[in-house]
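**Student:** Before I ask anything, let me first share the structure, which is written out below as structure tokens.
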Amino acid sequence: MKYAHKFTSFALLLAVVWTSSIYFFHSRIIQAEKDNIYRTALKEAEVTFAKDLTYRRWVAQLGGLYAAISPVLSPNEYLDVPNRDVTTTTG
């Protein structure tokens, strides 16, 4: 009986240690994934913000929504819309 009690105690201790270590490592993996997701989302937000800021600066340099046609800036030849090229008489 004495050996059975020691074996049961050892098995119970081993099960507790095993379960605790699995829980610990699993929680570390989950936290690492959360941190990775956060860093990825932050980087995506920074890139999107920089893209939007670059676009807004470009539009502001052109003087607004409608840009004058130049050798550098040409209309989209694939945009087949009747009123694509707007001409104003008053500026």
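Residues are referred to by chain and number: the chain letter is A, B, ... according to the order shown in the structure tokens, the number counts from 1 in that chain, and ligands are numbered separately from 1 in the order shown.
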Let's see if you can do this: from backbone DSSP, list all helix (DSSP H, G or I) residues in chain A, as a VMD selection string.
**Tutor:** chain A and resid 2 to 62
**Student:** What is the atom CA of A:Lys6 to atom CA of A:His26 distance in Å?
**Tutor:**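 Between these atoms lies a distance of 29.7 Å.
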**Student:** In Å, with one decimal, what is the gap from atom CA of A:Ile69 to atom CA of A:Thr87?
**Tutor:**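 We find that atom CA of A:Ile69 and atom CA of A:Thr87 lie 11.0 Å from each other.
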**Student:** Which residues are near stretch 64-66 of chain A? Cut-off 12 Å, only C-alpha atoms, ignore same chain within fewer than 4 positions. Put them as a list in words.
**Tutor:**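 Final neighbour list, sorted by chain and number: Tyr55, Arg56, Arg57, Trp58, Val59, Ala60, Leu73, Ser74, Pro75, Arg84, Asp85, Val86, Thr87, Thr88 and Gly91 of chain A.
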